[in-house]
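Chemist: Next comes the structure file start19.cif, holding mmCIF, C-alpha atoms and all ligand atoms.
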data_input
#
loop_
_atom_site.label_atom_id
_atom_site.label_comp_id
_atom_site.auth_asym_id
_atom_site.auth_seq_id
_atom_site.Cartn_x
_atom_site.Cartn_y
_atom_site.Cartn_z
CA MET A 1 8.13 17.50 32.83
CA THR A 2 7.59 18.35 29.21
CA THR A 3 8.18 22.05 29.81
CA ASN A 4 11.87 21.33 30.44
CA LEU A 5 12.40 19.64 27.12
CA SER A 6 15.32 20.75 25.04
CA ARG A 7 14.46 22.01 21.59
CA ARG A 8 15.91 18.90 20.02
CA ARG A 9 13.90 16.61 22.27
CA PHE A 10 10.74 18.63 21.69
CA ILE A 11 11.10 18.21 17.94
CA GLN A 12 11.84 14.50 18.27
CA GLN A 13 8.70 14.04 20.35
CA MET A 14 6.67 16.03 17.84
CA MET A 15 7.87 13.80 15.03
CA ILE A 16 7.04 10.52 16.73
CA GLY A 17 3.70 11.68 18.12
CA GLY A 18 4.75 11.67 21.79
CA LEU A 19 3.41 15.18 22.14
CA THR A 20 -0.30 14.92 21.40
CA THR A 21 -2.69 17.86 21.34
CA PRO A 22 -3.77 17.49 25.01
CA VAL A 23 -0.12 17.28 26.08
CA LEU A 24 0.78 20.30 23.99
CA LEU A 25 -2.11 22.30 25.44
CA ASN A 26 -0.95 21.46 28.99
CA MET A 27 2.59 22.30 28.08
CA LEU A 28 1.66 25.68 26.66
CA SER A 29 -0.53 26.39 29.66
CA SER A 30 2.29 25.54 32.12
CA ASN A 31 4.76 27.74 30.32
CA LEU A 32 2.42 30.66 30.13
CA LEU A 33 1.45 30.40 33.81
CA ALA A 34 5.07 29.96 34.89
CA GLN A 35 5.97 33.37 33.57
CA THR A 36 4.98 35.51 36.51
CA GLY A 37 3.87 39.05 36.07
CA GLU A 38 3.29 38.48 32.44
CA SER A 39 0.22 39.76 30.67
CA LYS A 40 -1.56 37.48 28.25
CA GLN A 41 0.04 36.84 24.92
CA THR A 42 -1.96 38.45 22.15
CA ILE A 43 -2.94 36.54 19.07
CA ILE A 44 -4.49 38.45 16.23
CA TRP A 45 -6.32 36.12 13.88
CA VAL A 46 -7.25 37.96 10.71
CA LEU A 47 -9.71 36.28 8.40
CA GLY A 48 -9.54 37.18 4.75
CA GLN A 49 -11.71 35.53 2.11
CA SER A 50 -12.03 32.10 3.64
CA SER A 51 -14.56 29.37 4.09
CA GLY A 52 -13.58 29.28 7.76
CA ILE A 53 -12.64 25.61 7.41
CA HIS A 54 -9.37 25.94 9.31
CA ARG A 55 -10.76 27.94 12.17
CA SER A 56 -13.91 25.88 12.61
CA GLY A 57 -11.98 22.60 12.83
CA ILE A 58 -9.60 23.99 15.42
CA TRP A 59 -12.18 25.79 17.49
CA SER A 60 -14.42 22.74 17.66
CA TYR A 61 -11.70 20.87 19.56
CA PRO A 62 -13.07 20.24 23.10
CA GLY A 63 -11.85 22.85 25.56
CA PHE A 64 -9.86 24.86 23.05
CA HIS A 65 -12.02 27.96 23.30
CA THR A 66 -11.71 28.08 27.09
CA PHE A 67 -7.99 27.48 26.86
CA MET A 68 -7.46 30.34 24.45
CA GLU A 69 -9.57 32.72 26.50
CA LYS A 70 -7.57 31.86 29.62
CA HIS A 71 -4.12 32.35 28.18
CA PHE A 72 -4.41 34.63 25.19
CA THR A 73 -5.94 37.89 24.28
CA LEU A 74 -7.53 36.87 21.05
CA ILE A 75 -8.47 39.49 18.52
CA GLU A 76 -10.36 38.12 15.58
CA SER A 77 -11.08 40.34 12.66
CA ASP A 78 -12.25 40.15 9.10
CA SER A 79 -9.74 41.97 6.96
CA PRO A 80 -11.97 45.00 6.23
CA ASN A 81 -12.15 45.68 9.98
CA ILE A 82 -8.44 45.61 10.72
CA GLN A 83 -8.50 49.32 11.38
CA ASP A 84 -10.49 48.57 14.54
CA ILE A 85 -7.62 46.60 16.06
CA THR A 86 -5.53 48.33 18.69
CA ILE A 87 -2.28 46.74 19.78
CA GLU A 88 -1.13 46.76 23.38
CA SER A 89 2.45 47.99 23.43
CA ASN A 90 3.57 46.20 26.61
CA GLU A 91 2.84 42.63 25.60
CA SER A 92 4.92 39.71 26.71
CA GLY A 93 7.16 37.90 24.32
CA GLY A 94 7.98 40.86 22.14
CA GLY A 95 4.69 41.50 20.42
CA HIS A 96 1.64 39.74 19.15
CA ILE A 97 1.45 36.61 17.08
CA LEU A 98 -0.36 37.23 13.84
CA ILE A 99 -2.39 34.55 12.09
CA LEU A 100 -3.41 35.24 8.51
CA ASP A 101 -6.18 32.95 7.29
CA GLY A 102 -7.64 33.17 3.77
CA TYR A 103 -7.07 35.31 0.70
CA PHE A 104 -6.58 39.08 1.07
CA SER A 105 -7.70 41.74 -1.35
CA GLN A 106 -5.08 43.34 -3.57
CA ASP A 107 -6.89 46.67 -3.44
CA LEU A 108 -4.22 48.99 -2.09
CA ASP A 109 -6.82 51.65 -1.39
CA ASP A 110 -8.44 49.30 1.08
CA PRO A 111 -7.53 50.70 4.54
CA GLY A 112 -7.46 47.14 5.85
CA ASN A 113 -4.59 46.33 3.49
CA MET A 114 -2.56 49.34 4.55
CA LEU A 115 -2.84 48.22 8.15
CA LEU A 116 -2.09 44.61 7.34
CA LYS A 117 1.50 45.53 6.56
CA ASP A 118 1.76 47.53 9.80
CA LEU A 119 0.44 44.58 11.76
CA ILE A 120 2.99 42.27 10.18
CA VAL A 121 5.88 44.64 10.89
CA VAL A 122 5.17 44.80 14.65
CA SER A 123 4.39 41.08 15.02
CA ARG A 124 6.60 38.68 16.89
CA ALA A 125 5.83 36.16 14.15
CA ALA A 126 3.25 35.61 11.44
CA ILE A 127 1.57 32.27 10.78
CA LEU A 128 0.00 31.67 7.39
CA MET A 129 -2.91 29.41 8.23
CA GLY A 130 -4.22 27.04 5.57
CA ASN A 131 -3.58 26.78 1.87
CA GLU A 132 -5.13 30.09 0.85
CA ALA A 133 -2.70 32.15 2.91
CA SER A 134 0.20 29.71 2.62
CA TYR A 135 0.12 29.36 -1.14
CA SER A 136 -1.27 32.75 -2.09
CA HIS A 137 1.17 32.94 -5.04
CA SER A 138 -1.61 31.07 -6.84
CA ALA A 139 -4.42 33.23 -5.46
CA PRO A 140 -7.21 34.24 -7.86
CA ASP A 141 -6.89 37.59 -9.62
CA GLY A 142 -7.51 40.49 -7.27
CA PHE A 143 -5.94 38.88 -4.22
CA LEU A 144 -2.53 39.46 -2.64
CA ASP A 145 0.46 37.22 -2.97
CA LEU A 146 1.19 37.62 0.74
CA GLU A 147 4.83 36.65 0.50
CA LYS A 148 5.81 38.60 -2.58
CA GLU A 149 3.78 41.70 -1.82
CA LEU A 150 4.12 41.90 1.97
CA LEU A 151 6.21 39.36 3.85
CA TYR A 152 9.31 39.55 1.66
CA LEU A 153 9.40 43.30 2.33
CA VAL A 154 9.65 43.08 6.13
CA GLU A 155 11.82 41.25 8.64
CA THR A 156 9.08 39.58 10.64
CA PRO A 157 9.64 35.81 10.79
CA TYR A 158 6.82 33.85 9.28
CA PHE A 159 5.93 30.28 8.49
CA LYS A 160 3.13 28.27 6.94
CA LEU A 161 0.69 25.70 8.24
CA PRO A 162 -0.93 24.39 5.06
CA GLY A 163 -3.49 21.61 4.85
CA ASN A 164 -7.17 21.42 4.24
CA PRO A 165 -8.06 21.89 7.03
CA VAL A 166 -5.12 22.64 9.32
CA PRO A 167 -4.88 20.21 12.27
CA ILE A 168 -5.06 21.73 15.73
CA ARG A 169 -1.83 19.92 16.72
CA HIS A 170 0.05 21.99 14.15
CA LEU A 171 -1.18 25.25 15.60
CA VAL A 172 -0.64 24.34 19.26
CA GLY A 173 2.72 22.74 18.48
CA ALA A 174 3.82 25.85 16.62
CA LEU A 175 2.67 28.13 19.45
CA ASN A 176 4.63 26.03 21.94
CA HIS A 177 7.71 26.20 19.78
CA LEU A 178 7.38 29.94 19.36
CA LYS A 179 6.97 30.43 23.09
CA LEU A 180 9.79 28.10 24.14
CA TYR A 181 12.38 28.30 21.38
CA GLY A 182 11.35 30.96 18.87
CA PRO A 183 10.46 30.33 15.21
CA PRO A 184 10.68 26.68 14.13
CA GLU A 185 13.00 25.19 11.55
CA LEU A 186 11.40 25.33 8.10
CA ASP A 187 11.52 23.39 4.84
CA GLU A 188 11.82 24.89 1.35
CA TYR A 189 8.15 25.97 1.41
CA ARG A 190 8.52 27.56 4.89
CA ARG A 191 6.62 24.76 6.58
CA PRO A 192 7.86 23.62 10.02
CA THR A 193 9.90 20.48 9.51
CA MET A 194 8.52 18.99 12.71
CA PHE A 195 5.22 18.51 10.85
CA TYR A 196 6.15 18.44 7.17
CA SER A 197 9.42 16.55 6.76
CA GLN A 198 8.08 13.05 6.09
CA VAL A 199 5.80 11.86 3.30
CA ILE A 200 2.49 10.34 4.35
CA CYS A 201 3.55 6.81 3.31
CA GLU A 202 6.32 6.67 5.87
CA ARG A 203 3.88 6.50 8.78
CA CYS A 204 0.83 5.13 6.97
CA GLN A 205 -0.96 2.07 8.33
CA TYR A 206 -0.78 0.60 4.81
CA ARG A 207 2.94 0.99 4.35
CA GLY A 208 3.37 -2.78 4.77
CA ASP A 209 0.70 -3.38 2.11
CA PHE A 210 2.45 -0.93 -0.17
CA GLU A 211 5.75 -2.78 0.18
CA GLN A 212 4.11 -6.16 -0.43
CA GLY A 213 2.16 -4.95 -3.46
CA ASN A 214 -1.17 -5.35 -1.71
CA PHE A 215 -3.17 -2.63 -3.45
CA VAL A 216 -6.92 -2.07 -3.36
CA ARG A 217 -8.46 -1.81 -6.84
CA TYR A 218 -11.64 0.18 -6.31
CA HIS A 219 -13.07 2.64 -3.80
CA GLY A 220 -14.62 0.81 -0.88
CA GLN A 221 -12.47 -2.29 -1.15
CA LYS A 222 -10.82 -3.22 2.15
CA GLU A 223 -7.92 -3.40 3.11
CA GLY A 224 -4.74 -2.34 1.37
CA CYS A 225 -2.64 0.46 -0.02
CA LEU A 226 -4.52 3.10 -2.02
CA TYR A 227 -1.71 3.91 -4.45
CA LEU A 228 -3.59 2.66 -7.53
CA LEU A 229 -6.54 4.90 -6.61
CA GLY A 230 -4.33 7.95 -6.97
CA CYS A 231 -3.07 8.31 -3.39
CA LYS A 232 -0.62 11.23 -3.19
CA GLY A 233 0.88 9.91 0.05
CA PRO A 234 4.19 9.17 -1.70
CA VAL A 235 4.77 12.87 -2.47
CA THR A 236 2.81 14.64 0.28
CA LYS A 237 4.56 15.82 3.42
CA ASN A 238 2.32 15.97 6.45
CA SER A 239 1.83 14.23 9.78
CA CYS A 240 -1.81 13.09 9.41
CA ALA A 241 -1.03 9.44 10.15
CA LEU A 242 0.37 10.36 13.55
CA GLU A 243 -2.48 11.94 15.46
CA LYS A 244 -5.19 11.25 12.89
CA TRP A 245 -7.84 13.91 12.43
CA ASN A 246 -7.56 16.28 15.41
CA GLY A 247 -6.74 13.45 17.79
CA THR A 248 -9.63 11.19 16.75
CA SER A 249 -9.20 7.61 15.53
CA SER A 250 -9.67 8.39 11.85
CA TRP A 251 -8.02 10.16 8.93
CA CYS A 252 -8.31 10.17 5.12
CA VAL A 253 -6.52 6.93 4.31
CA SER A 254 -7.99 4.97 7.20
CA VAL A 255 -11.49 5.53 5.81
CA GLY A 256 -10.44 4.43 2.32
CA SER A 257 -9.96 7.89 0.82
CA PRO A 258 -6.61 8.36 -0.95
CA CYS A 259 -4.49 11.26 0.26
CA THR A 260 -5.18 14.09 -2.17
CA GLY A 261 -2.02 16.02 -1.33
CA CYS A 262 -3.83 18.82 0.46
CA SER A 263 -0.77 20.30 2.15
CA GLU A 264 1.34 20.64 -1.01
CA PRO A 265 1.75 23.89 -2.98
CA ASP A 266 0.21 22.49 -6.16
CA TYR A 267 -2.93 21.11 -4.51
CA PRO A 268 -5.50 20.35 -5.95
CA ASN A 269 -3.91 20.37 -9.42
CA ASN A 270 -1.11 18.03 -8.33
CA SER A 271 0.92 18.51 -11.53
CA GLY A 272 -2.14 17.88 -13.69
CA LEU A 273 -3.11 14.65 -11.94
CA GLY A 274 -5.94 16.22 -9.98
CA LEU A 275 -7.22 14.59 -6.83
CA PHE A 276 -7.21 10.97 -8.00
CA GLY A 277 -4.76 10.72 -10.91
CA GLN A 278 -2.23 7.99 -10.29
CA LEU A 279 1.37 8.94 -9.60
CA ASN A 280 4.18 7.18 -11.37
CA ALA A 281 7.90 7.68 -11.73
CA ASP A 282 7.39 9.86 -14.84
CA ASN A 283 4.72 12.24 -13.61
CA ALA A 284 5.71 12.61 -9.94
CA PRO A 285 7.40 15.96 -9.50
CA ILE A 286 9.90 14.79 -6.91
CA ASN A 287 12.28 11.91 -6.56
CA SER A 288 10.38 9.74 -4.12
CA PHE A 289 11.42 6.29 -2.96
CA PHE A 290 7.76 5.40 -2.65
CA VAL A 291 6.84 6.48 -6.18
CA ARG A 292 9.77 4.66 -7.76
CA ASN A 293 9.01 1.49 -5.91
CA ALA A 294 5.22 1.69 -6.05
CA SER A 295 5.34 1.99 -9.84
CA THR A 296 7.45 -1.15 -10.08
CA ILE A 297 5.45 -3.09 -7.51
CA ALA A 298 2.10 -2.04 -8.98
CA GLN A 299 3.14 -3.03 -12.49
CA GLY A 300 4.30 -6.35 -11.12
CA ALA A 301 1.04 -6.93 -9.26
CA PHE A 302 -1.00 -5.95 -12.32
CA GLY A 303 1.08 -8.24 -14.51
CA VAL A 304 0.57 -11.18 -12.17
CA THR A 305 -3.17 -10.60 -12.15
CA LEU A 306 -3.40 -10.55 -15.95
CA ALA A 307 -1.24 -13.66 -16.19
CA GLY A 308 -3.60 -15.43 -13.80
CA VAL A 309 -6.63 -14.46 -15.87
CA ALA A 310 -4.96 -15.71 -19.06
CA ILE A 311 -4.10 -19.09 -17.55
CA HIS A 312 -7.67 -19.60 -16.39
CA ALA A 313 -9.10 -18.53 -19.72
CA PHE A 314 -6.99 -20.99 -21.69
CA SER A 315 -7.44 -23.89 -19.32
CA GLY A 316 -11.24 -23.79 -19.49
CA ARG A 317 -11.39 -26.66 -17.06
CA ARG A 318 -13.26 -24.88 -14.28
CA SER A 319 -16.30 -22.72 -14.11
CA ARG A 320 -15.76 -19.21 -12.84
CA SER A 321 -17.62 -16.67 -10.77
CA LEU A 322 -16.73 -13.07 -11.37
CA SER A 323 -16.58 -10.75 -8.44
CA LYS A 324 -17.73 -7.15 -8.72
CA ASP A 325 -14.07 -6.26 -9.29
CA SER A 326 -14.39 -7.69 -12.76
CA VAL A 327 -15.99 -4.57 -14.17
CA PHE A 328 -12.68 -2.87 -13.52
CA GLY A 329 -10.68 -5.70 -15.06
CA PHE A 330 -8.66 -6.32 -11.95
CA GLU A 331 -10.41 -9.30 -10.46
CA GLU A 332 -8.68 -12.32 -9.14
CA GLU A 333 -11.01 -15.06 -10.24
CA THR A 334 -12.38 -17.55 -7.79
CA ASP A 335 -12.98 -21.18 -8.60
CA GLU A 336 -16.28 -22.73 -7.70
S1 LIG A 401 0.28 5.16 -1.16
FE1 LIG A 401 -1.26 5.99 0.28
S2 LIG A 401 -2.27 4.17 1.19
FE2 LIG A 401 -0.34 3.49 0.25
S3 LIG A 401 1.16 3.54 1.89
FE3 LIG A 401 1.28 5.51 0.83
S4 LIG A 401 -0.11 6.85 1.97
FE4 LIG A 401 -0.61 4.76 2.56
S1 LIG A 402 -3.96 12.49 4.29
FE1 LIG A 402 -3.39 13.86 2.62
S2 LIG A 402 -5.35 14.76 1.91
FE2 LIG A 402 -5.70 13.85 3.96
S3 LIG A 402 -5.40 15.58 5.37
FE3 LIG A 402 -3.43 14.47 5.19
S4 LIG A 402 -2.29 15.57 3.57
FE4 LIG A 402 -4.44 16.16 3.41
#
Please go through the file and, once you have read it, give me the structure as structure tokens.
Ligand code: SF4
Ligand code: SF4
Modeler:
Amino acid sequence: MTTNLSRRRFIQQMMIGGLTTPVLLNMLSSNLLAQTGESKQTIIWVLGQSSGIHRSGIWSYPGFHTFMEKHFTLIESDSPNIQDITIESNESGGGHILILDGYFSQDLDDPGNMLLKDLIVVSRAAILMGNEASYSHSAPDGFLDLEKELLYLVETPYFKLPGNPVPIRHLVGALNHLKLYGPPELDEYRRPTMFYSQVICERCQYRGDFEQGNFVRYHGQKEGCLYLLGCKGPVTKNSCALEKWNGTSSWCVSVGSPCTGCSEPDYPNNSGLGLFGQLNADNAPINSFFVRNASTIAQGAFGVTLAGVAIHAFSGRRSRSLSKDSVFGFEEETDE
């Protein structure tokens, strides 16, 4: 049974998608029920300035609300109301799990802020949910850099679940790991490696197209790799291609939308490329196999296309019909 998995096996299964959200929910449920005499684990989910995008996606997952009510004491609070939270001292597992979601005011006179630090100190672990909390070093003026101004000052373990929005599998997987094995292994940005160690391309359905130089040239063209449309899959670490969007059959790339790098610290700027600027070996901030090779392959494919156009133009022996691609200058001409 999954509940007897070693830590190593658990992580392996997370990385190959063997542990889906329903499996992870069952697993968490079994582990919580197996601990006799234990009171519910408390999760305190504090919302700062946030659109609610992370919470709404997760809470709309079928059955999640009931599951949480059954196994957790959930305290949700907007940051100004933190003073209303009372913590049970005899909780299982060594204290509550704290989820920070959104930006938090830098106003040190705000009583909510004073208590935020207290909450962090007595937490078993803190989870920074979504990009606002995870990458708050780039928060707008007036908002806390959570790490520099709070988390670096205390010993509470913490980690980040970035993404826009955060997939439910990341939250439930992280809760399982916390319950079974303690805090997860993290990468240089404090993201759990079980979710954020591989770039999107590695598990993308268009990886084969990428390696064969089969690139789509305009939005809406089917099928092929989206690299030329500015896909940030070569430099974005996330597991979207595994369980798709919250366990459905779809995700960004599968509907023809290039990955915009939403789980990376520099999103949406992406080193000045924005959402759809094309990566290449010069402008990509990291040494990526996929960027190095995509640049070469794409240049090759583009060169072949231009060569084909030139040959047809000089031969003048056949009439031509231009596809709609021609307005972009990438068409492969068809003979009539
Ligand atoms: S560049 Fe984008 S579409 Fe192409 S293989 Fe990588 S993730 Fe998939
Ligand atoms: S594919 Fe890219 S943009 Fe889409 S959710 Fe995953 S990391 Fe974010």
Chemist: Taking all atoms listed in the file into account, which residues are within 10 Å of ligand LIG 401 (chain A), as a PDB file with C-alpha atoms, keeping the file's coordinate frame?
Modeler:
ATOM      1  CA  VAL A 199       5.800  11.860   3.300  1.00  0.00           C
ATOM      2  CA  ILE A 200       2.490  10.340   4.350  1.00  0.00           C
ATOM      3  CA  CYS A 201       3.550   6.810   3.310  1.00  0.00           C
ATOM      4  CA  GLU A 202       6.320   6.670   5.870  1.00  0.00           C
ATOM      5  CA  ARG A 203       3.880   6.500   8.780  1.00  0.00           C
ATOM      6  CA  CYS A 204       0.830   5.130   6.970  1.00  0.00           C
ATOM      7  CA  GLN A 205      -0.960   2.070   8.330  1.00  0.00           C
ATOM      8  CA  TYR A 206      -0.780   0.600   4.810  1.00  0.00           C
ATOM      9  CA  ARG A 207       2.940   0.990   4.350  1.00  0.00           C
ATOM     10  CA  GLY A 208       3.370  -2.780   4.770  1.00  0.00           C
ATOM     11  CA  ASP A 209       0.700  -3.380   2.110  1.00  0.00           C
ATOM     12  CA  PHE A 210       2.450  -0.930  -0.170  1.00  0.00           C
ATOM     13  CA  GLU A 211       5.750  -2.780   0.180  1.00  0.00           C
ATOM     14  CA  GLY A 213       2.160  -4.950  -3.460  1.00  0.00           C
ATOM     15  CA  ASN A 214      -1.170  -5.350  -1.710  1.00  0.00           C
ATOM     16  CA  PHE A 215      -3.170  -2.630  -3.450  1.00  0.00           C
ATOM     17  CA  VAL A 216      -6.920  -2.070  -3.360  1.00  0.00           C
ATOM     18  CA  GLU A 223      -7.920  -3.400   3.110  1.00  0.00           C
ATOM     19  CA  GLY A 224      -4.740  -2.340   1.370  1.00  0.00           C
ATOM     20  CA  CYS A 225      -2.640   0.460  -0.020  1.00  0.00           C
ATOM     21  CA  LEU A 226      -4.520   3.100  -2.020  1.00  0.00           C
ATOM     22  CA  TYR A 227      -1.710   3.910  -4.450  1.00  0.00           C
ATOM     23  CA  LEU A 228      -3.590   2.660  -7.530  1.00  0.00           C
ATOM     24  CA  LEU A 229      -6.540   4.900  -6.610  1.00  0.00           C
ATOM     25  CA  GLY A 230      -4.330   7.950  -6.970  1.00  0.00           C
ATOM     26  CA  CYS A 231      -3.070   8.310  -3.390  1.00  0.00           C
ATOM     27  CA  LYS A 232      -0.620  11.230  -3.190  1.00  0.00           C
ATOM     28  CA  GLY A 233       0.880   9.910   0.050  1.00  0.00           C
ATOM     29  CA  PRO A 234       4.190   9.170  -1.700  1.00  0.00           C
ATOM     30  CA  VAL A 235       4.770  12.870  -2.470  1.00  0.00           C
ATOM     31  CA  THR A 236       2.810  14.640   0.280  1.00  0.00           C
ATOM     32  CA  CYS A 240      -1.810  13.090   9.410  1.00  0.00           C
ATOM     33  CA  ALA A 241      -1.030   9.440  10.150  1.00  0.00           C
ATOM     34  CA  CYS A 252      -8.310  10.170   5.120  1.00  0.00           C
ATOM     35  CA  VAL A 253      -6.520   6.930   4.310  1.00  0.00           C
ATOM     36  CA  SER A 254      -7.990   4.970   7.200  1.00  0.00           C
ATOM     37  CA  GLY A 256     -10.440   4.430   2.320  1.00  0.00           C
ATOM     38  CA  SER A 257      -9.960   7.890   0.820  1.00  0.00           C
ATOM     39  CA  PRO A 258      -6.610   8.360  -0.950  1.00  0.00           C
ATOM     40  CA  CYS A 259      -4.490  11.260   0.260  1.00  0.00           C
ATOM     41  CA  THR A 260      -5.180  14.090  -2.170  1.00  0.00           C
ATOM     42  CA  GLY A 261      -2.020  16.020  -1.330  1.00  0.00           C
ATOM     43  CA  GLN A 278      -2.230   7.990 -10.290  1.00  0.00           C
ATOM     44  CA  LEU A 279       1.370   8.940  -9.600  1.00  0.00           C
ATOM     45  CA  PHE A 290       7.760   5.400  -2.650  1.00  0.00           C
ATOM     46  CA  VAL A 291       6.840   6.480  -6.180  1.00  0.00           C
ATOM     47  CA  ALA A 294       5.220   1.690  -6.050  1.00  0.00           C
TER      48      ALA A 294
END
Chemist: Nearest to Met194 of chain A: which of A:Gly173, A:Gly102, A:Gly142, A:Gly48 is it, counting only C-alpha atoms?
Modeler: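 The answer is A:Gly173, which sits nearest to Met194 of chain A.
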Chemist: Just checking: using only C-alpha atoms, which residue out of A:Pro265, A:Ile44, A:Val122, A:Phe276 ends up closest to His137 of chain A?
Modeler: A:Pro265
Chemist: Need the axis-aligned box for ligand LIG 402 (chain A) with 4 Å each side, so what are the centre and edges in Å to one decimal, as AutoDock Vina command-line options?
Modeler:
--center_x -4.0 --center_y 14.3 --center_z 3.6 --size_x 11.4 --size_y 11.7 --size_z 11.5
Chemist: Write out as a PyMOL selection string the residues lying within 10 Å of Leu150 of chain A, counting only C-alpha atoms and excluding same-chain residues fewer than 2 positions away.
Modeler: chain A and resi 113+116-118+120-121+144-148+152-154
Chemist: Which is closer to ligand LIG 402 (chain A) than all the others in A:Ser239, A:Asn270, A:Ser197, A:Gln12, using all atoms listed in the file?
Modeler: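 Among the listed residues, the smallest separation from ligand LIG 402 (chain A) belongs to A:Ser239.
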Chemist: Can you work out which one of A:Tyr218, A:Phe289, A:Phe195, A:Trp45 has the shortest atom-to-atom distance to ligand LIG 402 (chain A), counting only C-alpha atoms and all ligand atoms?
Modeler: A:Phe195
Chemist: Which value, in Å to one decimal, gives the distance between atom CA of Ser50 of chain A and atom CA of Tyr103 of chain A?
Modeler: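 Distance between the two atoms: 6.6 Å.
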Chemist: To one decimal in Å, tell me the separation between atom CA of Leu119 of chain A and atom CA of Leu98 of chain A.
Modeler: 7.7 Å
Chemist: Between atom CA of Asn246 of chain A and atom CA of Met129 of chain A, what is the distance, to one decimal in Å?
Modeler: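 Between atom CA of Asn246 of chain A and atom CA of Met129 of chain A the gap is 15.7 Å.
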Chemist: May I ask which of the residues A:Gly247, A:Lys222, A:Asp141, A:Ser123 is the closest one to Ile58 of chain A, counting all atoms listed in the file?
Modeler: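 Between A:Gly247, A:Lys222, A:Asp141, A:Ser123, the residue approaching Ile58 of chain A most closely is A:Gly247.
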Chemist: Find the residue from A:Leu175, A:Leu28, A:Leu128, A:Leu275 that sits nearest to ligand LIG 402 (chain A); use all atoms listed in the file when measuring.
Modeler: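 So, comparing all the options, the nearest one is A:Leu275.
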